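**Q** So I've got this file, query.cif, and it contains mmCIF, C-alpha atoms:
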```
data_protein
loop_
_atom_site.group_PDB
_atom_site.id
_atom_site.type_symbol
_atom_site.label_atom_id
_atom_site.label_comp_id
_atom_site.auth_asym_id
_atom_site.auth_seq_id
_atom_site.Cartn_x
_atom_site.Cartn_y
_atom_site.Cartn_z
ATOM 1 C CA MET L 1 -10.626 14.096 100.420
ATOM 2 C CA LYS L 2 -12.402 12.199 97.677
ATOM 3 C CA ILE L 3 -11.087 9.455 95.390
ATOM 4 C CA ALA L 4 -12.853 8.104 92.315
ATOM 5 C CA VAL L 5 -14.087 4.518 92.429
ATOM 6 C CA VAL L 6 -13.228 2.180 89.553
ATOM 7 C CA ASP L 7 -14.590 -1.251 88.668
ATOM 8 C CA ILE L 8 -12.594 -4.448 88.127
ATOM 9 C CA LYS L 9 -12.188 -3.504 84.462
ATOM 10 C CA GLY L 10 -10.333 -0.351 85.461
ATOM 11 C CA LYS L 11 -13.092 2.000 84.323
ATOM 12 C CA GLU L 12 -14.495 4.790 86.477
ATOM 13 C CA THR L 13 -17.917 4.130 87.947
ATOM 14 C CA GLY L 14 -18.816 7.808 88.290
ATOM 15 C CA ARG L 15 -18.842 7.506 92.068
ATOM 16 C CA GLU L 16 -16.390 8.824 94.658
ATOM 17 C CA VAL L 17 -15.426 7.706 98.136
ATOM 18 C CA SER L 18 -14.759 10.292 100.811
ATOM 19 C CA LEU L 19 -11.693 9.393 102.855
ATOM 20 C CA SER L 20 -11.280 10.623 106.415
ATOM 21 C CA ASP L 21 -8.534 13.216 106.806
ATOM 22 C CA ALA L 22 -7.902 11.857 110.316
ATOM 23 C CA VAL L 23 -6.793 8.533 108.792
ATOM 24 C CA PHE L 24 -5.685 9.263 105.227
ATOM 25 C CA GLY L 25 -4.646 12.891 105.463
ATOM 26 C CA ILE L 26 -2.311 13.314 108.445
ATOM 27 C CA GLU L 27 1.312 14.431 108.439
ATOM 28 C CA PRO L 28 3.239 11.119 108.462
ATOM 29 C CA ASN L 29 5.162 10.327 111.644
ATOM 30 C CA ASN L 30 8.318 8.643 110.343
ATOM 31 C CA HIS L 31 9.544 7.455 113.734
ATOM 32 C CA ALA L 32 6.259 5.698 114.514
ATOM 33 C CA VAL L 33 6.436 4.015 111.105
ATOM 34 C CA TYR L 34 10.031 2.933 111.795
ATOM 35 C CA LEU L 35 9.146 1.392 115.160
ATOM 36 C CA ASP L 36 6.112 -0.469 113.811
ATOM 37 C CA VAL L 37 8.034 -1.913 110.847
ATOM 38 C CA LYS L 38 10.923 -2.841 113.154
ATOM 39 C CA GLN L 39 8.530 -4.695 115.456
ATOM 40 C CA TYR L 40 6.859 -6.512 112.546
ATOM 41 C CA LEU L 41 10.206 -7.745 111.195
ATOM 42 C CA ALA L 42 11.483 -8.652 114.668
ATOM 43 C CA ASN L 43 8.369 -10.755 115.280
ATOM 44 C CA GLN L 44 9.138 -12.780 112.135
ATOM 45 C CA ARG L 45 12.512 -13.919 113.504
ATOM 46 C CA GLN L 46 12.612 -17.471 114.884
ATOM 47 C CA GLY L 47 15.514 -16.740 117.205
ATOM 48 C CA THR L 48 16.652 -20.383 117.101
ATOM 49 C CA HIS L 49 20.269 -19.587 116.232
ATOM 50 C CA LYS L 50 22.807 -21.475 118.347
ATOM 51 C CA SER L 51 26.502 -22.283 118.258
ATOM 52 C CA LYS L 52 28.361 -24.636 120.592
ATOM 53 C CA GLU L 53 30.416 -23.099 123.337
ATOM 54 C CA ARG L 54 33.437 -24.622 125.051
ATOM 55 C CA ALA L 55 31.454 -26.796 127.460
ATOM 56 C CA GLU L 56 29.304 -28.235 124.669
ATOM 57 C CA ILE L 57 32.073 -29.375 122.312
ATOM 58 C CA ALA L 58 32.733 -33.150 122.128
ATOM 59 C CA GLY L 59 36.412 -33.751 122.736
ATOM 60 C CA SER L 60 39.060 -34.945 125.147
ATOM 61 C CA THR L 61 39.604 -33.172 128.443
ATOM 62 C CA ARG L 62 43.234 -34.279 128.577
ATOM 63 C CA LYS L 63 45.768 -31.533 129.063
ATOM 64 C CA ILE L 64 47.282 -31.375 125.567
ATOM 65 C CA LYS L 65 50.817 -30.374 126.563
ATOM 66 C CA LYS L 66 52.881 -29.702 129.630
ATOM 67 C CA GLN L 67 52.397 -26.450 131.491
ATOM 68 C CA LYS L 68 55.961 -25.104 131.180
ATOM 69 C CA GLY L 69 58.980 -25.355 128.951
ATOM 70 C CA THR L 70 57.318 -25.339 125.510
ATOM 71 C CA GLY L 71 57.953 -21.686 124.786
ATOM 72 C CA THR L 72 54.281 -21.158 123.922
ATOM 73 C CA ALA L 73 51.165 -20.230 125.840
ATOM 74 C CA ARG L 74 49.604 -22.539 128.385
ATOM 75 C CA ALA L 75 46.882 -24.819 126.981
ATOM 76 C CA GLY L 76 44.668 -27.085 129.009
ATOM 77 C CA SER L 77 41.989 -28.315 126.574
ATOM 78 C CA ILE L 78 41.613 -29.065 122.880
ATOM 79 C CA LYS L 79 38.097 -27.602 123.200
ATOM 80 C CA SER L 80 39.479 -24.125 123.862
ATOM 81 C CA PRO L 81 38.114 -21.438 121.500
ATOM 82 C CA VAL L 82 41.660 -20.565 120.395
ATOM 83 C CA PHE L 83 42.003 -23.929 118.592
ATOM 84 C CA VAL L 84 40.363 -24.966 115.321
ATOM 85 C CA GLY L 85 37.321 -27.069 116.189
ATOM 86 C CA GLY L 86 37.047 -25.509 119.608
ATOM 87 C CA GLY L 87 34.008 -23.822 121.112
ATOM 88 C CA ARG L 88 32.699 -20.436 120.023
ATOM 89 C CA ILE L 89 33.358 -17.432 122.253
ATOM 90 C CA PHE L 90 30.123 -15.580 123.087
ATOM 91 C CA GLY L 91 28.271 -17.384 120.292
ATOM 92 C CA PRO L 92 24.592 -16.781 119.475
ATOM 93 C CA ARG L 93 22.042 -18.318 121.815
ATOM 94 C CA PRO L 94 18.288 -18.866 121.278
ATOM 95 C CA ARG L 95 16.353 -15.727 122.141
ATOM 96 C CA ASP L 96 13.017 -14.027 121.569
ATOM 97 C CA TYR L 97 13.290 -10.875 119.448
ATOM 98 C CA ARG L 98 9.697 -9.741 119.981
ATOM 99 C CA PHE L 99 8.941 -6.471 121.742
ATOM 100 C CA LYS L 100 5.786 -4.552 122.533
ATOM 101 C CA LEU L 101 4.509 -1.244 121.205
ATOM 102 C CA ASN L 102 1.710 0.983 122.400
ATOM 103 C CA LYS L 103 -1.545 0.431 120.449
ATOM 104 C CA ASN L 104 -1.932 4.149 119.809
ATOM 105 C CA LEU L 105 1.562 4.293 118.304
ATOM 106 C CA LYS L 106 0.740 1.372 115.994
ATOM 107 C CA ARG L 107 -2.448 3.105 114.836
ATOM 108 C CA LEU L 108 -0.470 6.305 114.232
ATOM 109 C CA ALA L 109 2.045 4.327 112.161
ATOM 110 C CA ARG L 110 -0.692 2.792 109.976
ATOM 111 C CA ARG L 111 -2.371 6.182 109.504
ATOM 112 C CA SER L 112 1.017 7.650 108.561
ATOM 113 C CA ALA L 113 1.670 4.894 106.014
ATOM 114 C CA LEU L 114 -1.780 5.292 104.430
ATOM 115 C CA SER L 115 -1.432 9.079 104.315
ATOM 116 C CA GLN L 116 1.939 8.721 102.594
ATOM 117 C CA LYS L 117 0.384 6.389 100.019
ATOM 118 C CA VAL L 118 -2.380 8.913 99.331
ATOM 119 C CA LYS L 119 0.195 11.689 98.884
ATOM 120 C CA ASN L 120 2.110 9.519 96.414
ATOM 121 C CA ASN L 121 -1.097 8.615 94.549
ATOM 122 C CA GLU L 122 -0.535 4.946 95.356
ATOM 123 C CA ILE L 123 -4.016 4.115 96.652
ATOM 124 C CA LEU L 124 -6.770 2.796 94.395
ATOM 125 C CA ILE L 125 -10.430 2.413 95.363
ATOM 126 C CA VAL L 126 -12.221 -0.476 93.621
ATOM 127 C CA GLU L 127 -15.874 -1.394 93.939
ATOM 128 C CA ASP L 128 -16.612 -4.630 95.775
ATOM 129 C CA PHE L 129 -16.464 -7.747 93.626
ATOM 130 C CA GLN L 130 -16.888 -11.499 93.907
ATOM 131 C CA LEU L 131 -15.334 -14.450 92.079
ATOM 132 C CA GLU L 132 -17.625 -17.414 91.438
ATOM 133 C CA THR L 133 -14.760 -19.902 91.671
ATOM 134 C CA PRO L 134 -11.123 -19.722 92.823
ATOM 135 C CA LYS L 135 -9.247 -19.054 89.587
ATOM 136 C CA THR L 136 -5.856 -17.368 89.370
ATOM 137 C CA LYS L 137 -6.437 -16.524 85.694
ATOM 138 C CA ASP L 138 -9.481 -14.390 86.575
ATOM 139 C CA PHE L 139 -7.576 -12.604 89.338
ATOM 140 C CA VAL L 140 -4.631 -11.887 87.034
ATOM 141 C CA GLU L 141 -7.080 -10.402 84.515
ATOM 142 C CA ILE L 142 -8.369 -8.021 87.198
ATOM 143 C CA LEU L 143 -4.804 -6.953 88.056
ATOM 144 C CA ARG L 144 -4.093 -6.391 84.361
ATOM 145 C CA ASN L 145 -7.189 -4.188 84.004
ATOM 146 C CA LEU L 146 -6.075 -2.140 87.004
ATOM 147 C CA GLY L 147 -2.538 -1.774 85.633
ATOM 148 C CA LEU L 148 -1.040 -3.846 88.454
ATOM 149 C CA GLU L 149 0.204 -6.914 86.627
ATOM 150 C CA GLY L 150 3.765 -7.703 87.713
ATOM 151 C CA LYS L 151 3.707 -4.956 90.360
ATOM 152 C CA LYS L 152 3.661 -5.437 94.116
ATOM 153 C CA SER L 153 0.090 -4.843 95.198
ATOM 154 C CA LEU L 154 -1.929 -5.171 98.387
ATOM 155 C CA ILE L 155 -5.669 -5.831 98.016
ATOM 156 C CA VAL L 156 -7.665 -5.012 101.137
ATOM 157 C CA LEU L 157 -11.106 -6.620 101.462
ATOM 158 C CA GLY L 158 -13.951 -5.481 103.667
ATOM 159 C CA GLU L 159 -14.580 -9.051 104.816
ATOM 160 C CA SER L 160 -13.054 -12.467 104.240
ATOM 161 C CA ASN L 161 -13.570 -13.769 100.693
ATOM 162 C CA LYS L 162 -12.251 -17.297 100.209
ATOM 163 C CA ASN L 163 -12.432 -17.348 96.384
ATOM 164 C CA VAL L 164 -10.534 -14.062 95.998
ATOM 165 C CA TYR L 165 -7.914 -15.177 98.521
ATOM 166 C CA LEU L 166 -7.369 -18.572 96.885
ATOM 167 C CA SER L 167 -7.179 -16.972 93.432
ATOM 168 C CA SER L 168 -4.315 -14.726 94.543
ATOM 169 C CA ARG L 169 -2.373 -17.228 96.639
ATOM 170 C CA ASN L 170 -0.063 -18.368 93.820
ATOM 171 C CA LEU L 171 1.028 -14.821 92.957
ATOM 172 C CA SER L 172 4.215 -13.632 94.641
ATOM 173 C CA THR L 173 3.603 -9.977 93.751
ATOM 174 C CA SER L 174 0.066 -9.682 95.104
ATOM 175 C CA GLU L 175 -1.398 -10.211 98.558
ATOM 176 C CA VAL L 176 -5.030 -10.237 99.673
ATOM 177 C CA ILE L 177 -5.952 -9.376 103.268
ATOM 178 C CA THR L 178 -8.954 -8.058 105.197
ATOM 179 C CA ASN L 179 -9.021 -4.590 106.762
ATOM 180 C CA SER L 180 -8.380 -6.087 110.225
ATOM 181 C CA GLU L 181 -5.093 -7.623 108.990
ATOM 182 C CA LEU L 182 -3.689 -4.327 107.721
ATOM 183 C CA SER L 183 -0.171 -3.543 108.948
ATOM 184 C CA THR L 184 2.307 -0.727 108.370
ATOM 185 C CA TYR L 185 4.847 -3.099 106.828
ATOM 186 C CA LYS L 186 2.366 -4.517 104.308
ATOM 187 C CA ILE L 187 1.214 -1.031 103.309
ATOM 188 C CA LEU L 188 4.758 0.182 102.671
ATOM 189 C CA ASN L 189 5.869 -3.064 101.028
ATOM 190 C CA ALA L 190 3.278 -2.686 98.256
ATOM 191 C CA LYS L 191 3.720 -0.399 95.288
ATOM 192 C CA LYS L 192 -0.036 0.049 95.082
ATOM 193 C CA VAL L 193 -2.654 -0.399 97.806
ATOM 194 C CA VAL L 194 -6.073 -1.402 96.453
ATOM 195 C CA LEU L 195 -8.939 -0.755 98.850
ATOM 196 C CA LEU L 196 -12.320 -2.261 98.126
ATOM 197 C CA GLU L 197 -15.215 0.072 98.918
ATOM 198 C CA GLY L 198 -16.363 -2.174 101.745
ATOM 199 C CA ALA L 199 -12.945 -1.991 103.416
ATOM 200 C CA VAL L 200 -12.716 1.799 103.722
ATOM 201 C CA GLU L 201 -15.251 2.135 106.537
ATOM 202 C CA GLY L 202 -13.644 -0.698 108.516
ATOM 203 C CA ILE L 203 -10.174 0.824 108.176
ATOM 204 C CA GLU L 204 -11.373 4.236 109.336
ATOM 205 C CA THR L 205 -13.183 2.652 112.291
ATOM 206 C CA ASN L 206 -10.143 0.609 113.351
ATOM 207 C CA LEU L 207 -7.635 3.457 113.039
ATOM 208 C CA SER L 208 -9.668 6.303 114.499
ATOM 209 C CA LYS L 209 -10.155 4.695 117.920
#
```
As structure tokens, how would this structure be written, given the file I've shared?
**A**
Amino acid sequence: MKIAVVDIKGKETGREVSLSDAVFGIEPNNHAVYLDVKQYLANQRQGTHKSKERAEIAGSTRKIKKQKGTGTARAGSIKSPVFVGGGRIFGPRPRDYRFKLNKNLKRLARRSALSQKVKNNEILIVEDFQLETPKTKDFVEILRNLGLEGKKSLIVLGESNKNVYLSSRNLSTSEVITNSELSTYKILNAKKVVLLEGAVEGIETNLSK
């Protein structure tokens, strides 16, 4: 399939980029996408949650009342979970939420996400550009020309570009990454995916292995 290339002013350049059907034109595999997004979100979790259990509560170990004759249940410690201020029963403990996925499945998930974006007409090809200095104002002007101002967008570069990255860092609705940093979650989280011409070849190489 072919998609027209536009410049940073939003005008067509008269050129087209041919996208590989093996990467941008497959039937999306929803389960692979689900697993990859689940793994991405799980990897973000710190897993440092912790509550004190009975043995960790500071308190007296004195038996709080006699064993028999009170007409109520036996109670041996004020730290018991049945009392206010007592320990937590089966409370959360620190754990690692990360899990592994097959590399081929992750590639399938990214191809599925990109193919879905193409079907929804949510991919834009922009010719490579440079910024002389890091300036958010200039980057916002580019987004405005492309009709992306105020919209969640993902800009994918062919190679690292410090000025473009620094210019976008203050914007909560836009993220700049290189083709090697592309993930299923980031693709789906953006309303529009902007691929620079130089990034297309790298994406197809990475995802067609």
**Q** As a list in words, please: the residues near Gly158 in chain L (cut-off 6 Å, all atoms listed in the file, same-chain neighbours under 6 positions excluded).
**A**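 What passes the distance filter is Thr178, Asn179, Gly198 and Ala199 of chain L.
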**Q** Name the residues captured by the PyMOL selection byres ((chain L and resi 130-141) around 7) when it is applied to the shown file; answer as a PyMOL selection string.
**A** chain L and resi 129+142-145+149+163-164+166-168
**Q** Now that the selection is made, can you save its residues with C-alpha atoms as a PDB file, in the coordinates of the input?
**A**
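Heads up, here's the output in part33.pdb:
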```pdb
ATOM      1  CA  PHE L 129     -16.464  -7.747  93.626  1.00  0.00           C
ATOM      2  CA  ILE L 142      -8.369  -8.021  87.198  1.00  0.00           C
ATOM      3  CA  LEU L 143      -4.804  -6.953  88.056  1.00  0.00           C
ATOM      4  CA  ARG L 144      -4.093  -6.391  84.361  1.00  0.00           C
ATOM      5  CA  ASN L 145      -7.189  -4.188  84.004  1.00  0.00           C
ATOM      6  CA  GLU L 149       0.204  -6.914  86.627  1.00  0.00           C
ATOM      7  CA  ASN L 163     -12.432 -17.348  96.384  1.00  0.00           C
ATOM      8  CA  VAL L 164     -10.534 -14.062  95.998  1.00  0.00           C
ATOM      9  CA  LEU L 166      -7.369 -18.572  96.885  1.00  0.00           C
ATOM     10  CA  SER L 167      -7.179 -16.972  93.432  1.00  0.00           C
ATOM     11  CA  SER L 168      -4.315 -14.726  94.543  1.00  0.00           C
TER      12      SER L 168
END
```
**Q** Within 9 Å of Val194 in chain L, counting all atoms listed in the file, which residues show up once you throw out same-chain ones fewer than 6 positions away? Write them as a PDB file with C-alpha atoms, in the frame of the given file, please.
**A**
```pdb
ATOM      1  CA  GLU L 122      -0.535   4.946  95.356  1.00  0.00           C
ATOM      2  CA  ILE L 123      -4.016   4.115  96.652  1.00  0.00           C
ATOM      3  CA  LEU L 124      -6.770   2.796  94.395  1.00  0.00           C
ATOM      4  CA  ILE L 125     -10.430   2.413  95.363  1.00  0.00           C
ATOM      5  CA  VAL L 126     -12.221  -0.476  93.621  1.00  0.00           C
ATOM      6  CA  SER L 153       0.090  -4.843  95.198  1.00  0.00           C
ATOM      7  CA  LEU L 154      -1.929  -5.171  98.387  1.00  0.00           C
ATOM      8  CA  ILE L 155      -5.669  -5.831  98.016  1.00  0.00           C
ATOM      9  CA  VAL L 156      -7.665  -5.012 101.137  1.00  0.00           C
ATOM     10  CA  LEU L 157     -11.106  -6.620 101.462  1.00  0.00           C
TER      11      LEU L 157
END
```
**Q** With distances taken over all atoms listed in the file, which residue among L:Lys2, L:His49, L:Arg110, L:Lys66 lies nearest Tyr185 in chain L?
**A**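 Ranking L:Lys2, L:His49, L:Arg110, L:Lys66 by distance to Tyr185 in chain L, first place goes to L:Arg110.
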**Q** Of the candidates L:Val6, L:Arg98, L:Lys162, L:Glu12, which one gets nearest to Leu41 in chain L if we count all atoms listed in the file?
**A**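 Distance minimum relative to Leu41 in chain L lands on L:Arg98.
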**Q** Evaluate the PyMOL selection byres ((chain L and resi 107) around 10) and record the selected residues as a list in words, following the chain and residue labels used in the document.
**A** Val23, Ala32, Val33, Asp36, Asn102, Lys103, Asn104, Leu105, Lys106, Leu108, Ala109, Arg110, Arg111, Ser112, Ala113, Ser183, Thr184, Asn206, Leu207, Ser208 and Lys209 of chain L
**Q** Determine the nearest neighbour of Lys117 in chain L from the options L:Val193, L:Leu19, L:Met1, L:Ile8, counting only C-alpha atoms.
**A**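 With only C-alpha atoms as the atom set, the closest residue is L:Val193.
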